[in-house]
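Asks: My questions will all concern the structure given below.
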Amino acid sequence: MAFPKKFLWGGAIAAHQAEGAYCEDGKGLSTCDVIHGGKGRIAEILDPKAIRANIEKGEGYFPEHIAIDFYHRYKEDIALFAEMGFKVFRTSISWARIFPNGDDAQPNEAGLKFYDNLFAECAKHGIEPLVTLSHWEMPITLTAKYNGWASRALIPLFERYAATLFERYKNSVNYWLTFNEINMTLHMPFLGGGVIIDNPADKDRLSMQACHNMLVASALAVKACHKIAPAAKIGSMVAAACSYPYTCKPEDVWEQKNIERMNYYLTDVQARGAYPEYAKKHLEHKGIKIEMDAQDEKLFAENCVDFVSFSYYSSCAVSTDPAITGVKTSGNIFGGIQNPHLKSSEWGWQIDPLGLRITLNYLYDRYQKPLFIVENGLGAKDIPAADGIIADDYRIDYLREHIKAMKAAIEEDGVELWGYTTWGCIDIISASTGEMSKRYGFIYVDRDDSGNGSLTRSRKKSFAWYRDVIATNGEQL
Ligand code: BGP
C-alpha cells in the first residue's frame, strides 16, 4: 500500500474566498474586500490608483463580500466534507476578524468565537483543521497606515495575532501554515502583502523588503507556536512553479535554474534557516539593500518550519530565445512559455501530473523535510445537465493522474508526504479572476460571476469518486 495509514486526505479553501460576511460581527475591511472580479483583476491588483479608488469609494461588485457565505453555512459544508471522509480541512483565519484594524488593543471576541465553532464542527466529524495564519488578506488599515508588509511595523502586530491564535486554538488545531504562497508577494505585492507600489521602479526593492519582513514574522510565528502549542506542527507554504528548460541549450537550462532558485529562496530561509548565497548575490547585483535587524539572521537559524507545504497546479517552460518567449501560458499567475507536450485548462494552466512527482522529489531533495500538498486541482466551467447532475469527469481525470504521481513519489522515490488537500473542495471565488465560474469543487455552489444564485450546494460526480479514493486510501482511483 503506497499511502501511509495516517495519510491526511482532504480539501482546502481560504477565508476570503469562501466566508463572505465581510463586515459582520466586528470584522474590519480586508485587502481582498476592495478588489473587483473579472478578467482585469490582476491588472487592478497591480494598479495603485485603482486600488486606492476602491478603498476610498468602494463602488461596484466585490465578490469576496458574500463569497459562498461559508460564514453562515459552514456546518452544512463540513458535513459534506465529512461525507467524503475528509481527514483534514485546510482553511485560513481572516486577520481582520480577529484584529479588525490589525493594531487594535484587544482581539475581537466574536471573530475568535467563529473559529472556535468552526474547529468544534471539524472535531465533531473527526476532521483535522490545517490553518493558514495569513492567506492573501489583511486588515486594509495596515495598508493605509504602513503600506502593508513593506513596513517592519507589521512584525509585532502579526506576532501578537499569531500568538493570540495559538493560545486560543492550541487544543483544536494541530497543523499551521504561516503565509500562503509567500513567493507570490514578489509578483503580487498587494495581494500577498498589502503593499501598494506607486513607482514601478521600486517593485523589486519593496516586494523583497516585504518578503523579508514576512520571513521575520513567519519565524516569530514558528517560535511562538513551538512554545505555546508544542505538539502542533507549523509549516511554510510556497507556490511551486515547476518549470522546464524549453531546449537543452545550456542558456535555457541556466535561465530555468535561476528562475527556480528565485522561486525558492524564501522557502530556503524558512526551511533551512538562512538566506542562500545566490539570493544575497542577486540582491547585491540589483543594488537592493534589504533593511534587516541584527537579530533577524539568528531568528531564522533558530526557527525553521517543521514541514514544507506547497501548491501545485501546472508547469511551464523557460527559454532565452525571443522567438519562443512570445508564446506565453498563464499558469498560476507567473505563467511562462507554453510547453507543446502538454494540454491546458480553460484558463491556460498547463496540465502536468508528472510535474507533481518532479516537484515532490525536488522539494524533498532540497529540504529533506516532510511535505504537504495543500493545493492542487482543476479550475473548470461546470455546466449542470438538464437533470442538474454535473458530470465533471475532466476533474476526476486531472485529480486521478496527480494522485498517481503522488503515489509514485511515495512508493518508488521514498518522498515523505503527510497529506493532500485539493484546492477549492467546494466551489469558491477564484483568487486570480474573482470569478465563481472558475470552479474546483466536488460540491457545486449555485452562484454566478455577478453574485446571482441561491448559494445552494449540490454534489458533483467527483464527490462520490473522491469519497471512494479516501475510503480506499488511494487504492481505488
Ligand atoms: C493559489 C492561491 C489560492 C487559489 C489558487 C487557485 O495561488 O493560494 O488562493 O485561489 O491559487 O487560483 P485561482 O483561484 O486563481 O484559480
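Simple scheme: letters A, B, ... for chains in C-alpha cells order, numbers from 1 for residues in each chain, numbers from 1 for ligands in the order shown.
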Give me the residues near Asp252 (chain A) as a ChimeraX atom specification, where near means some atom within 12 Å (using only C-alpha atoms) and where sequence neighbours in that chain fewer than 2 positions away do not count.
Replies: /A:243-250,254-259,317-322,324-325,337
Asks: Using the selection just defined, write its residues with N, CA, C and O atoms as a short mmCIF file (atom, residue, chain, number, x, y, z; two decimals), in the first residue's frame.
Replies:
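In the end it all went to part02.cif:
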```cif
data_model
loop_
_atom_site.label_atom_id
_atom_site.label_comp_id
_atom_site.auth_asym_id
_atom_site.auth_seq_id
_atom_site.Cartn_x
_atom_site.Cartn_y
_atom_site.Cartn_z
N SER A 243 9.15 24.29 -13.61
CA SER A 243 9.46 24.78 -14.96
C SER A 243 10.54 23.91 -15.60
O SER A 243 11.34 23.27 -14.91
N TYR A 244 10.52 23.89 -16.92
CA TYR A 244 11.50 23.10 -17.68
C TYR A 244 12.22 24.01 -18.66
O TYR A 244 11.60 24.91 -19.24
N PRO A 245 13.52 23.73 -18.91
CA PRO A 245 14.17 24.46 -20.00
C PRO A 245 13.49 24.07 -21.31
O PRO A 245 13.20 22.90 -21.52
N TYR A 246 13.20 25.06 -22.14
CA TYR A 246 12.48 24.76 -23.39
C TYR A 246 13.32 23.87 -24.30
O TYR A 246 12.81 23.03 -25.01
N THR A 247 14.63 24.09 -24.28
CA THR A 247 15.53 23.22 -25.05
C THR A 247 16.70 22.81 -24.15
O THR A 247 16.82 23.29 -23.02
N CYS A 248 17.58 21.98 -24.70
CA CYS A 248 18.75 21.57 -23.91
C CYS A 248 19.92 22.55 -24.11
O CYS A 248 21.04 22.29 -23.68
N LYS A 249 19.63 23.69 -24.72
CA LYS A 249 20.66 24.72 -24.86
C LYS A 249 21.10 25.15 -23.46
O LYS A 249 20.24 25.50 -22.63
N PRO A 250 22.38 25.15 -23.16
CA PRO A 250 22.80 25.49 -21.80
C PRO A 250 22.23 26.82 -21.30
O PRO A 250 21.91 26.96 -20.12
N TRP A 254 20.28 27.27 -17.82
CA TRP A 254 20.74 28.23 -16.80
C TRP A 254 19.62 29.21 -16.43
O TRP A 254 19.41 29.53 -15.26
N GLU A 255 18.87 29.64 -17.44
CA GLU A 255 17.74 30.55 -17.20
C GLU A 255 16.71 29.89 -16.28
O GLU A 255 16.23 30.48 -15.32
N GLN A 256 16.40 28.64 -16.60
CA GLN A 256 15.40 27.91 -15.79
C GLN A 256 15.89 27.77 -14.35
O GLN A 256 15.15 27.97 -13.41
N LYS A 257 17.17 27.48 -14.21
CA LYS A 257 17.76 27.30 -12.87
C LYS A 257 17.60 28.58 -12.06
O LYS A 257 17.25 28.55 -10.87
N ASN A 258 17.87 29.71 -12.70
CA ASN A 258 17.78 30.98 -11.97
C ASN A 258 16.36 31.32 -11.57
O ASN A 258 16.12 31.80 -10.46
N ILE A 259 15.44 31.06 -12.48
CA ILE A 259 14.03 31.33 -12.15
C ILE A 259 13.60 30.45 -10.98
O ILE A 259 12.96 30.90 -10.03
N ALA A 317 7.39 26.27 -19.39
CA ALA A 317 8.74 26.13 -19.95
C ALA A 317 9.45 27.49 -19.94
O ALA A 317 8.81 28.54 -19.84
N VAL A 318 10.79 27.42 -20.01
CA VAL A 318 11.61 28.63 -19.91
C VAL A 318 12.60 28.64 -21.07
O VAL A 318 13.23 27.63 -21.37
N SER A 319 12.72 29.79 -21.70
CA SER A 319 13.66 29.89 -22.82
C SER A 319 14.30 31.28 -22.85
O SER A 319 13.76 32.24 -22.30
N THR A 320 15.46 31.34 -23.50
CA THR A 320 16.12 32.64 -23.67
C THR A 320 15.95 33.14 -25.11
O THR A 320 16.42 34.21 -25.45
N ASP A 321 15.28 32.33 -25.92
CA ASP A 321 15.12 32.67 -27.33
C ASP A 321 13.90 33.58 -27.51
O ASP A 321 12.77 33.15 -27.26
N PRO A 322 14.09 34.82 -27.98
CA PRO A 322 12.96 35.74 -28.10
C PRO A 322 11.88 35.24 -29.04
O PRO A 322 10.70 35.56 -28.87
N ILE A 324 10.76 32.31 -29.16
CA ILE A 324 9.94 31.33 -28.42
C ILE A 324 9.24 31.99 -27.24
O ILE A 324 8.11 31.65 -26.91
N THR A 325 9.91 32.95 -26.62
CA THR A 325 9.33 33.53 -25.39
C THR A 325 8.01 34.26 -25.67
O THR A 325 7.30 34.61 -24.74
N ILE A 337 6.34 29.93 -20.68
CA ILE A 337 6.14 29.61 -22.10
C ILE A 337 5.36 28.31 -22.22
O ILE A 337 5.55 27.39 -21.41
#
```
Asks: Using only C-alpha atoms, which residues sit within 9 Å of Ser450 (chain A) once same-chain residues fewer than 5 positions away are excluded, as a PyMOL selection string?
Replies: chain A and resi 37+61+63+435-436
Asks: Just write the chosen residues, all heavy atoms, as a PDB file, in the first residue's frame.
Replies:
```pdb
ATOM      1  N   GLY A  37     -14.015  41.639  -9.366  1.00  0.00           N
ATOM      2  CA  GLY A  37     -13.821  40.371 -10.083  1.00  0.00           C
ATOM      3  C   GLY A  37     -13.643  40.625 -11.573  1.00  0.00           C
ATOM      4  O   GLY A  37     -13.729  41.757 -12.027  1.00  0.00           O
ATOM      5  N   TYR A  61     -19.077  45.699  -7.790  1.00  0.00           N
ATOM      6  CA  TYR A  61     -19.302  44.392  -7.176  1.00  0.00           C
ATOM      7  C   TYR A  61     -17.979  43.785  -6.689  1.00  0.00           C
ATOM      8  O   TYR A  61     -17.053  43.590  -7.479  1.00  0.00           O
ATOM      9  CB  TYR A  61     -19.977  43.466  -8.198  1.00  0.00           C
ATOM     10  CG  TYR A  61     -20.096  42.036  -7.737  1.00  0.00           C
ATOM     11  CD1 TYR A  61     -20.833  41.712  -6.593  1.00  0.00           C
ATOM     12  CD2 TYR A  61     -19.467  41.009  -8.433  1.00  0.00           C
ATOM     13  CE1 TYR A  61     -20.927  40.406  -6.161  1.00  0.00           C
ATOM     14  CE2 TYR A  61     -19.562  39.685  -8.006  1.00  0.00           C
ATOM     15  CZ  TYR A  61     -20.293  39.393  -6.874  1.00  0.00           C
ATOM     16  OH  TYR A  61     -20.381  38.098  -6.434  1.00  0.00           O
ATOM     17  N   PRO A  63     -16.575  40.487  -5.186  1.00  0.00           N
ATOM     18  CA  PRO A  63     -17.051  39.110  -4.982  1.00  0.00           C
ATOM     19  C   PRO A  63     -16.827  38.537  -3.590  1.00  0.00           C
ATOM     20  O   PRO A  63     -17.605  37.707  -3.129  1.00  0.00           O
ATOM     21  CB  PRO A  63     -16.294  38.301  -6.038  1.00  0.00           C
ATOM     22  CG  PRO A  63     -15.307  39.208  -6.671  1.00  0.00           C
ATOM     23  CD  PRO A  63     -15.629  40.606  -6.311  1.00  0.00           C
ATOM     24  N   GLU A 435     -13.727  35.224 -10.309  1.00  0.00           N
ATOM     25  CA  GLU A 435     -14.905  34.577 -10.893  1.00  0.00           C
ATOM     26  C   GLU A 435     -15.400  33.433 -10.008  1.00  0.00           C
ATOM     27  O   GLU A 435     -14.628  32.799  -9.309  1.00  0.00           O
ATOM     28  CB  GLU A 435     -14.547  33.969 -12.263  1.00  0.00           C
ATOM     29  CG  GLU A 435     -14.211  34.991 -13.323  1.00  0.00           C
ATOM     30  CD  GLU A 435     -13.497  34.339 -14.513  1.00  0.00           C
ATOM     31  OE1 GLU A 435     -12.511  33.607 -14.301  1.00  0.00           O
ATOM     32  OE2 GLU A 435     -13.932  34.555 -15.641  1.00  0.00           O
ATOM     33  N   MET A 436     -16.693  33.165 -10.126  1.00  0.00           N
ATOM     34  CA  MET A 436     -17.265  31.981  -9.495  1.00  0.00           C
ATOM     35  C   MET A 436     -17.220  30.836 -10.505  1.00  0.00           C
ATOM     36  O   MET A 436     -17.186  29.665 -10.144  1.00  0.00           O
ATOM     37  CB  MET A 436     -18.710  32.320  -9.155  1.00  0.00           C
ATOM     38  CG  MET A 436     -19.315  31.943  -7.839  1.00  0.00           C
ATOM     39  SD  MET A 436     -18.346  31.370  -6.501  1.00  0.00           S
ATOM     40  CE  MET A 436     -18.930  29.696  -6.362  1.00  0.00           C
TER      41      MET A 436
END
```
Asks: Set the distance at 10 Å and use only C-alpha atoms: which residues neighbour region 465-469 of chain A once local chain neighbours fewer than 2 positions away are removed? I'd like the list as a PyMOL selection string.
Replies: chain A and resi 9-10+81-86+393+396+399-400+403+442+460-463+471-477
Asks: Taking only C-alpha atoms and all ligand atoms into account, list the residues no farther than 6 Å from ligand 1, as an MDAnalysis selection string.
Replies: chainID A and resid 332 379 430:433
Asks: How would the residues just chosen look if you wrote them out with N, CA, C and O atoms as a JSON list (two decimals), in the first residue's frame?
Replies:
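So again24.json came out as:
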```
[["chain", "number", "residue", "atom", "x", "y", "z"],
["A", 332, "ASN", "N", -0.09, 29.68, -12.83],
["A", 332, "ASN", "CA", -0.51, 30.21, -11.54],
["A", 332, "ASN", "C", 0.04, 31.63, -11.32],
["A", 332, "ASN", "O", 0.94, 31.86, -10.54],
["A", 379, "GLY", "N", -9.38, 24.11, -12.29],
["A", 379, "GLY", "CA", -10.41, 25.14, -12.39],
["A", 379, "GLY", "C", -11.11, 24.97, -13.73],
["A", 379, "GLY", "O", -10.48, 25.03, -14.77],
["A", 430, "SER", "N", -12.58, 32.62, -7.33],
["A", 430, "SER", "CA", -11.20, 32.44, -7.82],
["A", 430, "SER", "C", -10.34, 33.62, -7.34],
["A", 430, "SER", "O", -10.76, 34.77, -7.37],
["A", 431, "ALA", "N", -9.13, 33.30, -6.92],
["A", 431, "ALA", "CA", -8.24, 34.36, -6.42],
["A", 431, "ALA", "C", -7.73, 35.24, -7.56],
["A", 431, "ALA", "O", -7.63, 36.45, -7.42],
["A", 432, "SER", "N", -7.42, 34.64, -8.71],
["A", 432, "SER", "CA", -6.80, 35.43, -9.76],
["A", 432, "SER", "C", -7.81, 36.17, -10.62],
["A", 432, "SER", "O", -7.47, 37.18, -11.23],
["A", 433, "THR", "N", -9.05, 35.69, -10.69],
["A", 433, "THR", "CA", -10.02, 36.36, -11.55],
["A", 433, "THR", "C", -11.26, 36.85, -10.79],
["A", 433, "THR", "O", -12.05, 37.60, -11.35]]
```
Asks: Using only C-alpha atoms, determine which residues lie at most 10 Å from Ile197 (chain A), disregarding the query and same-chain residues fewer than 4 positions distant; provide the list as a PyMOL selection string.
Replies: chain A and resi 46-49+147+150+189-190+201-204+206-207
Asks: Just list the residues in region 317-390 of chain A DSSP gives strand (DSSP E or B) on the backbone, as a PyMOL selection string.
Replies: chain A and resi 317-318+328-329+336-337+343-344+350-351+371-375+380
Asks: For those residues, write N, CA and C atoms to a file as a PDB file, in the first residue's frame.
Replies:
```
ATOM      1  N   ALA A 317       7.392  26.273 -19.386  1.00  0.00           N
ATOM      2  CA  ALA A 317       8.737  26.132 -19.951  1.00  0.00           C
ATOM      3  C   ALA A 317       9.446  27.487 -19.937  1.00  0.00           C
ATOM      4  N   VAL A 318      10.785  27.418 -20.009  1.00  0.00           N
ATOM      5  CA  VAL A 318      11.607  28.625 -19.915  1.00  0.00           C
ATOM      6  C   VAL A 318      12.597  28.637 -21.071  1.00  0.00           C
ATOM      7  N   LYS A 328       3.185  32.649 -24.603  1.00  0.00           N
ATOM      8  CA  LYS A 328       3.033  32.542 -23.140  1.00  0.00           C
ATOM      9  C   LYS A 328       1.879  31.637 -22.752  1.00  0.00           C
ATOM     10  N   THR A 329       1.998  31.044 -21.570  1.00  0.00           N
ATOM     11  CA  THR A 329       0.867  30.355 -20.961  1.00  0.00           C
ATOM     12  C   THR A 329       0.541  31.140 -19.693  1.00  0.00           C
ATOM     13  N   GLY A 336       4.520  31.535 -18.035  1.00  0.00           N
ATOM     14  CA  GLY A 336       5.761  31.049 -18.634  1.00  0.00           C
ATOM     15  C   GLY A 336       5.473  30.736 -20.083  1.00  0.00           C
ATOM     16  N   ILE A 337       6.340  29.932 -20.684  1.00  0.00           N
ATOM     17  CA  ILE A 337       6.143  29.606 -22.100  1.00  0.00           C
ATOM     18  C   ILE A 337       5.363  28.306 -22.223  1.00  0.00           C
ATOM     19  N   LYS A 343      -1.319  19.627 -22.429  1.00  0.00           N
ATOM     20  CA  LYS A 343      -2.620  20.261 -22.702  1.00  0.00           C
ATOM     21  C   LYS A 343      -2.869  21.314 -21.629  1.00  0.00           C
ATOM     22  N   SER A 344      -3.782  22.255 -21.935  1.00  0.00           N
ATOM     23  CA  SER A 344      -4.068  23.327 -20.981  1.00  0.00           C
ATOM     24  C   SER A 344      -5.502  23.268 -20.473  1.00  0.00           C
ATOM     25  N   GLN A 350      -1.279  24.772 -17.760  1.00  0.00           N
ATOM     26  CA  GLN A 350      -0.884  23.527 -18.420  1.00  0.00           C
ATOM     27  C   GLN A 350      -0.906  22.342 -17.447  1.00  0.00           C
ATOM     28  N   ILE A 351      -1.510  21.263 -17.905  1.00  0.00           N
ATOM     29  CA  ILE A 351      -1.760  20.113 -17.029  1.00  0.00           C
ATOM     30  C   ILE A 351      -0.596  19.124 -17.115  1.00  0.00           C
ATOM     31  N   LEU A 371       6.676  16.759   3.483  1.00  0.00           N
ATOM     32  CA  LEU A 371       5.972  17.654   2.559  1.00  0.00           C
ATOM     33  C   LEU A 371       4.458  17.511   2.731  1.00  0.00           C
ATOM     34  N   PHE A 372       3.738  18.530   2.309  1.00  0.00           N
ATOM     35  CA  PHE A 372       2.275  18.520   2.357  1.00  0.00           C
ATOM     36  C   PHE A 372       1.799  19.245   1.106  1.00  0.00           C
ATOM     37  N   ILE A 373       1.010  18.572   0.281  1.00  0.00           N
ATOM     38  CA  ILE A 373       0.428  19.262  -0.888  1.00  0.00           C
ATOM     39  C   ILE A 373      -0.863  19.912  -0.404  1.00  0.00           C
ATOM     40  N   VAL A 374      -0.888  21.224  -0.332  1.00  0.00           N
ATOM     41  CA  VAL A 374      -2.054  21.885   0.255  1.00  0.00           C
ATOM     42  C   VAL A 374      -2.947  22.557  -0.785  1.00  0.00           C
ATOM     43  N   GLU A 375      -2.570  22.458  -2.053  1.00  0.00           N
ATOM     44  CA  GLU A 375      -3.429  22.944  -3.144  1.00  0.00           C
ATOM     45  C   GLU A 375      -3.080  22.172  -4.403  1.00  0.00           C
ATOM     46  N   ALA A 380     -12.418  24.737 -13.692  1.00  0.00           N
ATOM     47  CA  ALA A 380     -13.154  24.493 -14.942  1.00  0.00           C
ATOM     48  C   ALA A 380     -14.571  25.043 -14.827  1.00  0.00           C
TER      49      ALA A 380
END
```
